[in-house]
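File shown: start36.txt. Contents: compact mmCIF, C-alpha atoms.
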```
# COMPACT_ATOMS: atom_id res chain seq x y z
CA MET A 1 6.91 12.87 -18.75
CA SER A 2 6.10 13.00 -22.43
CA LYS A 3 3.09 15.24 -21.91
CA GLN A 4 3.48 18.27 -19.64
CA ASN A 5 -0.07 19.62 -19.96
CA PRO A 6 -2.71 16.87 -19.83
CA ASP A 7 -6.16 17.59 -21.26
CA THR A 8 -7.55 17.45 -17.72
CA GLU A 9 -5.42 20.47 -16.75
CA LYS A 10 -6.72 22.78 -19.47
CA VAL A 11 -8.25 26.05 -18.30
CA SER A 12 -12.00 26.02 -17.64
CA ASN A 13 -14.35 27.34 -20.29
CA TYR A 14 -15.92 29.47 -17.55
CA ASN A 15 -14.45 32.36 -15.60
CA HIS A 16 -15.37 34.46 -12.59
CA LEU A 17 -17.15 31.49 -11.01
CA GLU A 18 -17.38 33.35 -7.72
CA LYS A 19 -19.57 35.97 -9.40
CA MET A 20 -22.15 33.43 -10.63
CA ASN A 21 -25.38 32.96 -8.73
CA THR A 22 -26.42 29.49 -7.56
CA LEU A 23 -28.59 28.77 -10.60
CA GLU A 24 -25.79 29.78 -12.98
CA LEU A 25 -23.28 27.57 -11.16
CA LEU A 26 -25.55 24.53 -11.18
CA SER A 27 -26.70 25.04 -14.77
CA ASN A 28 -23.15 25.36 -16.07
CA ILE A 29 -21.93 22.32 -14.15
CA ASN A 30 -24.86 20.35 -15.56
CA LYS A 31 -24.10 21.62 -19.07
CA GLU A 32 -20.58 20.23 -18.80
CA ASP A 33 -21.81 16.96 -17.31
CA GLN A 34 -24.05 16.36 -20.32
CA THR A 35 -20.99 15.89 -22.52
CA ILE A 36 -19.65 12.91 -20.57
CA ALA A 37 -21.80 10.03 -21.84
CA GLY A 38 -21.06 10.96 -25.45
CA ASN A 39 -17.33 10.89 -24.76
CA VAL A 40 -17.64 7.50 -23.10
CA LYS A 41 -19.59 6.19 -26.10
CA LYS A 42 -16.60 6.91 -28.34
CA GLN A 43 -14.57 4.41 -26.31
CA ILE A 44 -17.00 1.48 -26.28
CA THR A 45 -15.00 -0.65 -28.71
CA TYR A 46 -11.91 -0.20 -26.51
CA ILE A 47 -13.89 -1.05 -23.39
CA GLU A 48 -15.16 -4.15 -25.22
CA LYS A 49 -11.61 -5.34 -25.89
CA LEU A 50 -10.69 -5.00 -22.23
CA VAL A 51 -13.82 -6.78 -20.99
CA ASP A 52 -13.16 -9.65 -23.39
CA ILE A 53 -9.66 -10.02 -21.93
CA ILE A 54 -10.86 -9.96 -18.32
CA VAL A 55 -13.65 -12.55 -18.58
CA PRO A 56 -11.53 -15.58 -19.61
CA LYS A 57 -8.85 -14.60 -17.09
CA ILE A 58 -11.35 -14.69 -14.21
CA ARG A 59 -12.93 -17.89 -15.53
CA ALA A 60 -9.48 -19.47 -15.39
CA GLY A 61 -8.99 -18.44 -11.76
CA GLY A 62 -7.52 -14.98 -12.26
CA ARG A 63 -8.49 -11.66 -10.71
CA LEU A 64 -9.07 -8.07 -11.72
CA PHE A 65 -7.03 -5.35 -10.02
CA TYR A 66 -7.65 -1.61 -10.13
CA ILE A 67 -4.79 0.71 -9.17
CA GLY A 68 -5.13 4.46 -8.74
CA ALA A 69 -4.47 7.50 -6.57
CA GLY A 70 -6.80 10.12 -5.12
CA THR A 71 -10.26 10.23 -6.68
CA SER A 72 -9.28 7.65 -9.30
CA GLY A 73 -8.07 5.24 -6.65
CA ARG A 74 -11.21 5.74 -4.57
CA LEU A 75 -13.42 5.02 -7.57
CA GLY A 76 -11.55 1.78 -8.21
CA VAL A 77 -11.88 0.68 -4.60
CA LEU A 78 -15.59 1.59 -4.70
CA ASP A 79 -16.26 -0.46 -7.81
CA ALA A 80 -14.35 -3.45 -6.44
CA SER A 81 -16.12 -3.28 -3.08
CA GLU A 82 -19.56 -3.34 -4.73
CA CYS A 83 -18.98 -6.53 -6.73
CA PRO A 84 -19.40 -9.03 -3.85
CA PRO A 85 -22.75 -7.69 -2.54
CA THR A 86 -24.13 -7.08 -6.03
CA PHE A 87 -22.98 -10.23 -7.80
CA GLY A 88 -22.15 -12.63 -4.97
CA VAL A 89 -18.50 -13.08 -5.96
CA SER A 90 -15.66 -13.52 -3.51
CA PRO A 91 -14.08 -10.25 -2.27
CA GLY A 92 -10.81 -11.49 -3.77
CA ILE A 93 -12.01 -11.49 -7.39
CA VAL A 94 -12.04 -7.73 -8.01
CA ILE A 95 -9.51 -5.81 -5.91
CA GLY A 96 -9.02 -2.05 -5.70
CA LEU A 97 -5.70 -0.60 -4.56
CA ILE A 98 -5.11 3.07 -3.80
CA ALA A 99 -1.80 4.88 -3.41
CA GLY A 100 -1.22 5.42 0.30
CA GLY A 101 -3.36 2.45 1.34
CA ASP A 102 -6.78 2.45 2.99
CA LYS A 103 -5.97 5.64 4.93
CA ALA A 104 -5.98 7.45 1.58
CA LEU A 105 -9.65 6.61 1.09
CA ARG A 106 -10.51 9.41 3.54
CA ASP A 107 -7.41 11.53 3.84
CA ALA A 108 -4.77 12.61 1.33
CA VAL A 109 -1.47 10.80 1.87
CA GLU A 110 1.39 13.12 0.98
CA ASN A 111 3.51 12.07 -2.02
CA ALA A 112 1.93 8.59 -2.16
CA GLU A 113 1.07 8.92 -5.84
CA ASP A 114 4.62 9.96 -6.78
CA ASP A 115 6.26 6.60 -5.97
CA THR A 116 6.77 4.64 -9.21
CA ASP A 117 7.65 1.41 -7.38
CA GLN A 118 4.92 1.21 -4.72
CA ALA A 119 2.08 -0.08 -6.89
CA TRP A 120 4.04 -3.17 -7.86
CA LYS A 121 4.90 -3.76 -4.22
CA ASP A 122 1.21 -3.45 -3.36
CA LEU A 123 0.26 -5.89 -6.12
CA GLN A 124 2.89 -8.40 -5.01
CA GLU A 125 1.21 -8.61 -1.61
CA TYR A 126 -1.62 -10.36 -3.48
CA ASN A 127 0.74 -12.78 -5.25
CA ILE A 128 -0.21 -11.29 -8.60
CA SER A 129 0.54 -13.46 -11.63
CA GLU A 130 -0.03 -13.82 -15.37
CA LYS A 131 -3.53 -15.13 -14.60
CA ASP A 132 -4.60 -11.64 -13.49
CA VAL A 133 -5.47 -8.32 -15.15
CA VAL A 134 -4.44 -4.86 -13.91
CA ILE A 135 -6.31 -1.66 -14.83
CA GLY A 136 -4.64 1.65 -14.03
CA ILE A 137 -6.97 4.57 -13.34
CA ALA A 138 -5.66 8.14 -13.63
CA ALA A 139 -7.54 11.15 -14.97
CA SER A 140 -4.42 12.89 -16.28
CA GLY A 141 -2.69 9.68 -17.29
CA THR A 142 0.50 10.94 -15.64
CA THR A 143 0.31 9.51 -12.09
CA PRO A 144 3.69 7.83 -11.33
CA TYR A 145 2.17 5.26 -8.94
CA VAL A 146 -0.19 4.04 -11.64
CA ILE A 147 2.23 4.21 -14.57
CA GLY A 148 4.86 2.32 -12.58
CA GLY A 149 2.37 -0.38 -11.64
CA ILE A 150 1.25 -0.84 -15.23
CA LYS A 151 4.81 -0.98 -16.57
CA ASP A 152 5.89 -3.51 -13.94
CA SER A 153 2.80 -5.61 -14.60
CA ARG A 154 3.55 -5.75 -18.31
CA LYS A 155 7.18 -6.67 -17.63
CA ASN A 156 5.86 -9.64 -15.71
CA GLY A 157 3.49 -10.81 -18.44
CA ILE A 158 0.30 -9.49 -16.89
CA ALA A 159 -2.49 -8.08 -19.10
CA THR A 160 -2.97 -4.35 -18.54
CA GLY A 161 -5.56 -1.70 -19.31
CA CYS A 162 -6.21 1.84 -18.20
CA ILE A 163 -8.92 4.45 -17.81
CA THR A 164 -7.71 7.98 -18.41
CA CYS A 165 -9.31 11.27 -19.45
CA SER A 166 -6.39 12.73 -21.38
CA SER A 167 -5.28 11.78 -24.89
CA GLY A 168 -1.84 10.36 -25.64
CA SER A 169 -0.83 10.09 -22.00
CA PRO A 170 2.13 8.12 -20.61
CA LEU A 171 -0.35 5.77 -18.90
CA ALA A 172 -2.20 5.02 -22.14
CA ASN A 173 1.12 4.46 -23.91
CA ALA A 174 2.19 2.01 -21.19
CA SER A 175 -1.07 0.00 -21.29
CA GLU A 176 -2.05 -2.77 -23.69
CA TYR A 177 -5.75 -1.89 -23.62
CA PRO A 178 -6.08 1.86 -23.03
CA ILE A 179 -9.42 3.61 -22.62
CA GLU A 180 -9.12 7.36 -23.16
CA VAL A 181 -12.32 9.26 -22.37
CA VAL A 182 -11.27 12.83 -23.15
CA THR A 183 -13.59 14.96 -21.03
CA GLY A 184 -11.93 18.33 -21.66
CA PRO A 185 -11.48 21.20 -19.21
CA GLU A 186 -13.20 20.90 -15.85
CA PHE A 187 -15.70 23.53 -14.66
CA VAL A 188 -13.22 24.33 -11.89
CA THR A 189 -9.85 24.13 -13.63
CA GLY A 190 -8.08 20.86 -12.84
CA SER A 191 -10.80 19.52 -10.49
CA THR A 192 -10.87 16.02 -11.96
CA ARG A 193 -13.24 14.72 -9.31
CA MET A 194 -15.91 16.34 -11.53
CA LYS A 195 -16.23 15.36 -15.22
CA ALA A 196 -13.22 13.06 -15.27
CA GLY A 197 -14.35 11.29 -12.11
CA THR A 198 -17.84 10.84 -13.50
CA ALA A 199 -16.46 9.44 -16.75
CA GLN A 200 -14.23 6.99 -14.88
CA LYS A 201 -17.19 5.84 -12.76
CA LEU A 202 -19.27 5.23 -15.90
CA VAL A 203 -16.50 3.15 -17.46
CA LEU A 204 -15.94 1.17 -14.28
CA ASN A 205 -19.68 0.47 -14.10
CA MET A 206 -19.56 -0.82 -17.67
CA ILE A 207 -16.51 -3.01 -17.15
CA SER A 208 -17.52 -4.72 -13.91
CA THR A 209 -21.19 -5.12 -14.86
CA ALA A 210 -20.42 -6.55 -18.30
CA VAL A 211 -17.78 -8.89 -16.84
CA MET A 212 -20.14 -10.19 -14.16
CA ILE A 213 -22.99 -10.72 -16.63
CA LYS A 214 -20.69 -12.65 -18.95
CA LEU A 215 -19.54 -14.73 -15.97
CA GLY A 216 -23.17 -15.75 -15.39
CA ARG A 217 -23.80 -13.62 -12.32
CA VAL A 218 -27.07 -12.20 -13.68
CA LYS A 219 -30.14 -14.16 -14.78
CA GLY A 220 -32.45 -12.36 -17.20
CA ASN A 221 -31.97 -8.88 -15.78
CA LYS A 222 -31.80 -9.79 -12.11
CA MET A 223 -29.01 -9.89 -9.50
CA VAL A 224 -29.77 -13.46 -8.49
CA ASP A 225 -26.49 -13.86 -6.59
CA MET A 226 -26.71 -10.64 -4.55
CA GLN A 227 -26.01 -10.84 -0.83
CA LEU A 228 -29.20 -10.60 1.25
CA SER A 229 -27.61 -8.30 3.80
CA ASN A 230 -30.55 -6.06 4.77
CA VAL A 231 -34.34 -5.80 4.74
CA LYS A 232 -34.42 -3.91 1.42
CA LEU A 233 -32.39 -6.60 -0.34
CA VAL A 234 -34.43 -9.41 1.15
CA GLY A 235 -37.55 -7.66 -0.16
CA ARG A 236 -35.95 -7.33 -3.57
CA GLY A 237 -35.09 -11.02 -3.52
CA ILE A 238 -38.68 -11.94 -2.68
CA ARG A 239 -39.99 -9.86 -5.57
CA MET A 240 -37.52 -11.49 -7.95
CA ILE A 241 -38.74 -14.94 -6.96
CA MET A 242 -42.39 -13.89 -7.27
CA GLU A 243 -41.78 -12.57 -10.79
CA GLU A 244 -39.66 -15.50 -11.91
CA LEU A 245 -41.83 -18.31 -10.55
CA GLY A 246 -45.25 -16.66 -10.49
CA VAL A 247 -45.78 -17.45 -6.81
CA SER A 248 -47.26 -15.46 -3.94
CA GLU A 249 -45.23 -13.21 -1.69
CA LYS A 250 -45.62 -15.67 1.15
CA GLU A 251 -44.40 -18.58 -0.96
CA ALA A 252 -41.50 -16.53 -2.33
CA GLU A 253 -40.43 -15.54 1.19
CA LYS A 254 -40.57 -19.18 2.25
CA LEU A 255 -38.44 -20.26 -0.71
CA LEU A 256 -35.88 -17.55 -0.05
CA LYS A 257 -35.54 -18.53 3.61
CA GLU A 258 -35.29 -22.18 2.67
CA HIS A 259 -32.65 -21.81 -0.04
CA GLY A 260 -30.76 -18.73 1.15
CA SER A 261 -30.34 -17.13 -2.28
CA VAL A 262 -32.50 -16.03 -5.19
CA ARG A 263 -30.60 -18.23 -7.64
CA LYS A 264 -31.10 -21.37 -5.60
CA ALA A 265 -34.75 -20.53 -4.96
CA ILE A 266 -35.62 -20.09 -8.65
CA ASN A 267 -33.58 -23.14 -9.67
CA LYS A 268 -35.09 -25.43 -7.01
```
Output the structure of this file as structure tokens.
Amino acid sequence: MSKQNPDTEKVSNYNHLEKMNTLELLSNINKEDQTIAGNVKKQITYIEKLVDIIVPKIRAGGRLFYIGAGTSGRLGVLDASECPPTFGVSPGIVIGLIAGGDKALRDAVENAEDDTDQAWKDLQEYNISEKDVVIGIAASGTTPYVIGGIKDSRKNGIATGCITCSSGSPLANASEYPIEVVTGPEFVTGSTRMKAGTAQKLVLNMISTAVMIKLGRVKGNKMVDMQLSNVKLVGRGIRMIMEELGVSEKEAEKLLKEHGSVRKAINK
């Protein structure tokens, strides 16, 4: 690897954590967390470039893939899994893959992230093509599974991006559209599920939400294509219709039952 000591592995700015009382622990963690949004802000123009690559690809029938390991992989799978219920898109539009497969969502899979060839094999199971986009997620930017997947994707003419929390990493160097949110040392040295994980979640929120809005999956500021899968969401849908059409709760409920979605109800 070109970088032996990623930014995410730098020693914590705090020491003797075990001697801190609860208030000190929580206050110091919160102090570190407050730096994250500012670091993400510095990358907005790079996030913009990636979003503007993804949107036309999906419009033309392509898909968005996230690949990662450990916390990074779990965050990608989480973001992908929330797109269908939130925006009403097919589960096959945004796909999250984690080193070690679904078992790795709950339990660590030994050495899964060290295989440079496995990500491409995983992607090939989805018949990946030049129509698609692949985003590699790795806090350190050194995960072999992710770097290998990005390199193989580029070799095959597929657009690539990444989300990493270390500057000048091998992953960023391998990606066409790198996003490098440098979050600095973790409160607990090397525990990238903390600041780095939070930063990655913020960026993923921005990417998927902006993409779905630009694809027309939001009207005004409302999730008009959300899946009405529970009582809370049905209630939300009724309120949306009431606000949009200026009708009573009873009428809104009737329209929702009749049309089966908020979008269809307000466009009747």
* Asked: What separation in Å, quoted to one decimal, exists between CA of Ala138 (chain A) and CA of Gly73 (chain A)?
  -> 7.9 Å
* **Contacts of Met240 (chain A) at 10 Å (all atoms listed in the file; same-chain gap of 3+ positions) as a list in words** =>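 After dropping sequence-adjacent residues, the list is Asn221, Lys222, Met223, Val224, Val234, Gly235, Arg236, Gly237, Glu243, Glu244, Leu245, Gly246, Ala252, Val262, Arg263, Ala265 and Ile266 of chain A.
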Print the selection's residues with C-alpha atoms to a file, as a PDB file, in the coordinates of the input.
```
ATOM      1  CA  ASN A 221     -31.970  -8.880 -15.780  1.00  0.00           C
ATOM      2  CA  LYS A 222     -31.800  -9.790 -12.110  1.00  0.00           C
ATOM      3  CA  MET A 223     -29.010  -9.890  -9.500  1.00  0.00           C
ATOM      4  CA  VAL A 224     -29.770 -13.460  -8.490  1.00  0.00           C
ATOM      5  CA  VAL A 234     -34.430  -9.410   1.150  1.00  0.00           C
ATOM      6  CA  GLY A 235     -37.550  -7.660  -0.160  1.00  0.00           C
ATOM      7  CA  ARG A 236     -35.950  -7.330  -3.570  1.00  0.00           C
ATOM      8  CA  GLY A 237     -35.090 -11.020  -3.520  1.00  0.00           C
ATOM      9  CA  GLU A 243     -41.780 -12.570 -10.790  1.00  0.00           C
ATOM     10  CA  GLU A 244     -39.660 -15.500 -11.910  1.00  0.00           C
ATOM     11  CA  LEU A 245     -41.830 -18.310 -10.550  1.00  0.00           C
ATOM     12  CA  GLY A 246     -45.250 -16.660 -10.490  1.00  0.00           C
ATOM     13  CA  ALA A 252     -41.500 -16.530  -2.330  1.00  0.00           C
ATOM     14  CA  VAL A 262     -32.500 -16.030  -5.190  1.00  0.00           C
ATOM     15  CA  ARG A 263     -30.600 -18.230  -7.640  1.00  0.00           C
ATOM     16  CA  ALA A 265     -34.750 -20.530  -4.960  1.00  0.00           C
ATOM     17  CA  ILE A 266     -35.620 -20.090  -8.650  1.00  0.00           C
TER      18      ILE A 266
END
```
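Interatomic distance, CA of Tyr177 (chain A) to CA of Val51 (chain A): 9.8 Å.
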* To do: Find the residues near Gly161 (chain A): any atom within 7 Å, counting all atoms listed in the file, skip ones fewer than 6 places away on the same chain, and give them as a list in words.
  =>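 In the requested form, the answer reads Leu50, Val134, Ile135, Gly136, Ser175, Glu176, Tyr177 and Pro178 of chain A.
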Put the listed atoms of region 96-110 of chain A in a box along x, y and z with 8 Å added on every side and give me the centre and edge lengths in Å to one decimal, as JSON.
```
{"center_x": -4.6, "center_y": 5.5, "center_z": -0.4, "size_x": 27.9, "size_y": 31.2, "size_z": 26.6}
```
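The list of residues with at least one atom within 7 Å of Ala174 (chain A), based on all atoms listed in the file and without residues fewer than 3 positions apart in the same chain, reads Ile147, Ile150, Lys151, Pro170 and Leu171 of chain A.
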* To do: Would you mind reading off the distance between CA of Leu105 (chain A) and CA of Leu75 (chain A), one decimal, in Å?
  =>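 Interatomic distance here is 9.6 Å.
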* Quick one: of A:Thr35, A:Thr164, A:Asn127, A:Gln118, who's nearest to Pro144 (chain A), counting all atoms listed in the file? ->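 Of A:Thr35, A:Thr164, A:Asn127, A:Gln118, the one nearest Pro144 (chain A), counting all atoms listed in the file, is A:Gln118.
Here the question is which of A:Glu253, A:Ser153, A:Asp107, A:Arg193 gets nearest to Ser140 (chain A) using only C-alpha atoms, and that residue is A:Arg193.
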* To do: Neighbourhood query: residues within 8 Å of (-3.2, -2.8, -9.6), file coordinates, counting all atoms listed in the file; return as a list in words.
  =>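 Using all atoms listed in the file, the matching residues come out as Phe65, Tyr66, Ile67, Gly68, Ile95, Gly96, Leu97, Ala119, Trp120, Asp122, Leu123, Val134, Ile135, Gly136, Val146, Gly149 and Ile150 of chain A.
Closest approach to Asn15 (chain A) among A:Asp79, A:Ala210, A:Asn28, A:Ile241 is made by A:Asn28 (distances from all atoms listed in the file).
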* Protein/DNA/RNA residues near (-10.4, 17.3, -20.7), cut 7 Å, only C-alpha atoms, as a PyMOL selection string -> chain A and resi 7-8+10+165-166+182-186
For Lys250 (chain A), work out the shell of residues within 12 Å, counting all atoms listed in the file and skipping chain neighbours fewer than 4 positions away, then give it as a PDB file with C-alpha atoms, in the coordinates of the input.
```pdb
ATOM      1  CA  GLY A 235     -37.550  -7.660  -0.160  1.00  0.00           C
ATOM      2  CA  ILE A 238     -38.680 -11.940  -2.680  1.00  0.00           C
ATOM      3  CA  ARG A 239     -39.990  -9.860  -5.570  1.00  0.00           C
ATOM      4  CA  ILE A 241     -38.740 -14.940  -6.960  1.00  0.00           C
ATOM      5  CA  MET A 242     -42.390 -13.890  -7.270  1.00  0.00           C
ATOM      6  CA  GLY A 246     -45.250 -16.660 -10.490  1.00  0.00           C
ATOM      7  CA  LYS A 254     -40.570 -19.180   2.250  1.00  0.00           C
ATOM      8  CA  LEU A 255     -38.440 -20.260  -0.710  1.00  0.00           C
ATOM      9  CA  LEU A 256     -35.880 -17.550  -0.050  1.00  0.00           C
ATOM     10  CA  LYS A 257     -35.540 -18.530   3.610  1.00  0.00           C
TER      11      LYS A 257
END
```
* **Option closest in space to Pro84 (chain A), from A:Met212, A:Leu233, A:Ile29, A:Val40 [counting all atoms listed in the file]** =>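 Residue with the minimum atom-to-atom distance to Pro84 (chain A): A:Met212.
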* Asked: Any idea what's packed within 7 Å of Arg74 (chain A), counting all atoms listed in the file, ignoring anything in its chain fewer than 4 positions away? Could you give it as a ChimeraX atom specification?
  -> /A:70,78,98,105
* **Of the listed residues A:Lys264, A:Lys195, A:Arg217, A:Lys201, that which approaches Thr86 (chain A) most closely, counting only C-alpha atoms** =>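 Looking only at the distances to Thr86 (chain A), the closest residue turns out to be A:Arg217.
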Take region 215-245 of chain A, bring it up to N, CA and C atoms, and give me the output as a PDB file, keeping the file's coordinate frame.
```
ATOM      1  N   LEU A 215     -19.938 -13.632 -16.854  1.00  0.00           N
ATOM      2  CA  LEU A 215     -19.540 -14.730 -15.970  1.00  0.00           C
ATOM      3  C   LEU A 215     -20.756 -15.472 -15.400  1.00  0.00           C
ATOM      4  N   GLY A 216     -21.959 -15.059 -15.808  1.00  0.00           N
ATOM      5  CA  GLY A 216     -23.170 -15.750 -15.390  1.00  0.00           C
ATOM      6  C   GLY A 216     -23.741 -15.305 -14.069  1.00  0.00           C
ATOM      7  N   ARG A 217     -23.369 -14.094 -13.638  1.00  0.00           N
ATOM      8  CA  ARG A 217     -23.800 -13.620 -12.320  1.00  0.00           C
ATOM      9  C   ARG A 217     -25.129 -12.852 -12.355  1.00  0.00           C
ATOM     10  N   VAL A 218     -25.757 -12.812 -13.530  1.00  0.00           N
ATOM     11  CA  VAL A 218     -27.070 -12.200 -13.680  1.00  0.00           C
ATOM     12  C   VAL A 218     -27.942 -13.173 -14.456  1.00  0.00           C
ATOM     13  N   LYS A 219     -29.201 -13.304 -14.052  1.00  0.00           N
ATOM     14  CA  LYS A 219     -30.140 -14.160 -14.780  1.00  0.00           C
ATOM     15  C   LYS A 219     -31.273 -13.277 -15.297  1.00  0.00           C
ATOM     16  N   GLY A 220     -31.462 -13.269 -16.609  1.00  0.00           N
ATOM     17  CA  GLY A 220     -32.450 -12.360 -17.200  1.00  0.00           C
ATOM     18  C   GLY A 220     -31.924 -10.939 -17.049  1.00  0.00           C
ATOM     19  N   ASN A 221     -32.500 -10.208 -16.115  1.00  0.00           N
ATOM     20  CA  ASN A 221     -31.970  -8.880 -15.780  1.00  0.00           C
ATOM     21  C   ASN A 221     -31.834  -8.711 -14.275  1.00  0.00           C
ATOM     22  N   LYS A 222     -31.736  -9.833 -13.566  1.00  0.00           N
ATOM     23  CA  LYS A 222     -31.800  -9.790 -12.110  1.00  0.00           C
ATOM     24  C   LYS A 222     -30.505 -10.227 -11.439  1.00  0.00           C
ATOM     25  N   MET A 223     -30.215  -9.587 -10.293  1.00  0.00           N
ATOM     26  CA  MET A 223     -29.010  -9.890  -9.500  1.00  0.00           C
ATOM     27  C   MET A 223     -29.286 -11.109  -8.614  1.00  0.00           C
ATOM     28  N   VAL A 224     -29.341 -12.271  -9.220  1.00  0.00           N
ATOM     29  CA  VAL A 224     -29.770 -13.460  -8.490  1.00  0.00           C
ATOM     30  C   VAL A 224     -28.750 -13.954  -7.467  1.00  0.00           C
ATOM     31  N   ASP A 225     -27.532 -13.443  -7.540  1.00  0.00           N
ATOM     32  CA  ASP A 225     -26.490 -13.860  -6.590  1.00  0.00           C
ATOM     33  C   ASP A 225     -26.187 -12.787  -5.550  1.00  0.00           C
ATOM     34  N   MET A 226     -26.993 -11.723  -5.505  1.00  0.00           N
ATOM     35  CA  MET A 226     -26.710 -10.640  -4.550  1.00  0.00           C
ATOM     36  C   MET A 226     -26.780 -11.155  -3.117  1.00  0.00           C
ATOM     37  N   GLN A 227     -26.000 -10.495  -2.251  1.00  0.00           N
ATOM     38  CA  GLN A 227     -26.010 -10.840  -0.830  1.00  0.00           C
ATOM     39  C   GLN A 227     -27.236 -10.226  -0.164  1.00  0.00           C
ATOM     40  N   LEU A 228     -27.964 -11.053   0.589  1.00  0.00           N
ATOM     41  CA  LEU A 228     -29.200 -10.600   1.250  1.00  0.00           C
ATOM     42  C   LEU A 228     -28.854 -10.013   2.608  1.00  0.00           C
ATOM     43  N   SER A 229     -28.219  -8.839   2.585  1.00  0.00           N
ATOM     44  CA  SER A 229     -27.610  -8.300   3.800  1.00  0.00           C
ATOM     45  C   SER A 229     -28.474  -7.295   4.558  1.00  0.00           C
ATOM     46  N   ASN A 230     -29.660  -6.955   4.030  1.00  0.00           N
ATOM     47  CA  ASN A 230     -30.550  -6.060   4.770  1.00  0.00           C
ATOM     48  C   ASN A 230     -31.990  -6.274   4.321  1.00  0.00           C
ATOM     49  N   VAL A 231     -32.908  -5.609   4.996  1.00  0.00           N
ATOM     50  CA  VAL A 231     -34.340  -5.800   4.740  1.00  0.00           C
ATOM     51  C   VAL A 231     -34.702  -5.438   3.303  1.00  0.00           C
ATOM     52  N   LYS A 232     -34.128  -4.336   2.786  1.00  0.00           N
ATOM     53  CA  LYS A 232     -34.420  -3.910   1.420  1.00  0.00           C
ATOM     54  C   LYS A 232     -34.045  -4.995   0.414  1.00  0.00           C
ATOM     55  N   LEU A 233     -32.862  -5.591   0.606  1.00  0.00           N
ATOM     56  CA  LEU A 233     -32.390  -6.600  -0.340  1.00  0.00           C
ATOM     57  C   LEU A 233     -33.172  -7.902  -0.229  1.00  0.00           C
ATOM     58  N   VAL A 234     -33.580  -8.237   0.977  1.00  0.00           N
ATOM     59  CA  VAL A 234     -34.430  -9.410   1.150  1.00  0.00           C
ATOM     60  C   VAL A 234     -35.756  -9.195   0.407  1.00  0.00           C
ATOM     61  N   GLY A 235     -36.322  -7.991   0.550  1.00  0.00           N
ATOM     62  CA  GLY A 235     -37.550  -7.660  -0.160  1.00  0.00           C
ATOM     63  C   GLY A 235     -37.381  -7.736  -1.663  1.00  0.00           C
ATOM     64  N   ARG A 236     -36.232  -7.251  -2.140  1.00  0.00           N
ATOM     65  CA  ARG A 236     -35.950  -7.330  -3.570  1.00  0.00           C
ATOM     66  C   ARG A 236     -35.869  -8.781  -4.018  1.00  0.00           C
ATOM     67  N   GLY A 237     -35.213  -9.607  -3.200  1.00  0.00           N
ATOM     68  CA  GLY A 237     -35.090 -11.020  -3.520  1.00  0.00           C
ATOM     69  C   GLY A 237     -36.450 -11.703  -3.592  1.00  0.00           C
ATOM     70  N   ILE A 238     -37.323 -11.360  -2.674  1.00  0.00           N
ATOM     71  CA  ILE A 238     -38.680 -11.940  -2.680  1.00  0.00           C
ATOM     72  C   ILE A 238     -39.423 -11.560  -3.954  1.00  0.00           C
ATOM     73  N   ARG A 239     -39.311 -10.299  -4.345  1.00  0.00           N
ATOM     74  CA  ARG A 239     -39.990  -9.860  -5.570  1.00  0.00           C
ATOM     75  C   ARG A 239     -39.440 -10.558  -6.804  1.00  0.00           C
ATOM     76  N   MET A 240     -38.124 -10.773  -6.824  1.00  0.00           N
ATOM     77  CA  MET A 240     -37.520 -11.490  -7.950  1.00  0.00           C
ATOM     78  C   MET A 240     -38.099 -12.898  -8.074  1.00  0.00           C
ATOM     79  N   ILE A 241     -38.220 -13.572  -6.950  1.00  0.00           N
ATOM     80  CA  ILE A 241     -38.740 -14.940  -6.960  1.00  0.00           C
ATOM     81  C   ILE A 241     -40.209 -14.953  -7.384  1.00  0.00           C
ATOM     82  N   MET A 242     -40.982 -13.992  -6.886  1.00  0.00           N
ATOM     83  CA  MET A 242     -42.390 -13.890  -7.270  1.00  0.00           C
ATOM     84  C   MET A 242     -42.520 -13.726  -8.783  1.00  0.00           C
ATOM     85  N   GLU A 243     -41.715 -12.832  -9.359  1.00  0.00           N
ATOM     86  CA  GLU A 243     -41.780 -12.570 -10.790  1.00  0.00           C
ATOM     87  C   GLU A 243     -41.310 -13.756 -11.616  1.00  0.00           C
ATOM     88  N   GLU A 244     -40.257 -14.400 -11.148  1.00  0.00           N
ATOM     89  CA  GLU A 244     -39.660 -15.500 -11.910  1.00  0.00           C
ATOM     90  C   GLU A 244     -40.525 -16.753 -11.888  1.00  0.00           C
ATOM     91  N   LEU A 245     -41.096 -17.054 -10.716  1.00  0.00           N
ATOM     92  CA  LEU A 245     -41.830 -18.310 -10.550  1.00  0.00           C
ATOM     93  C   LEU A 245     -43.354 -18.137 -10.555  1.00  0.00           C
TER      94      LEU A 245
END
```
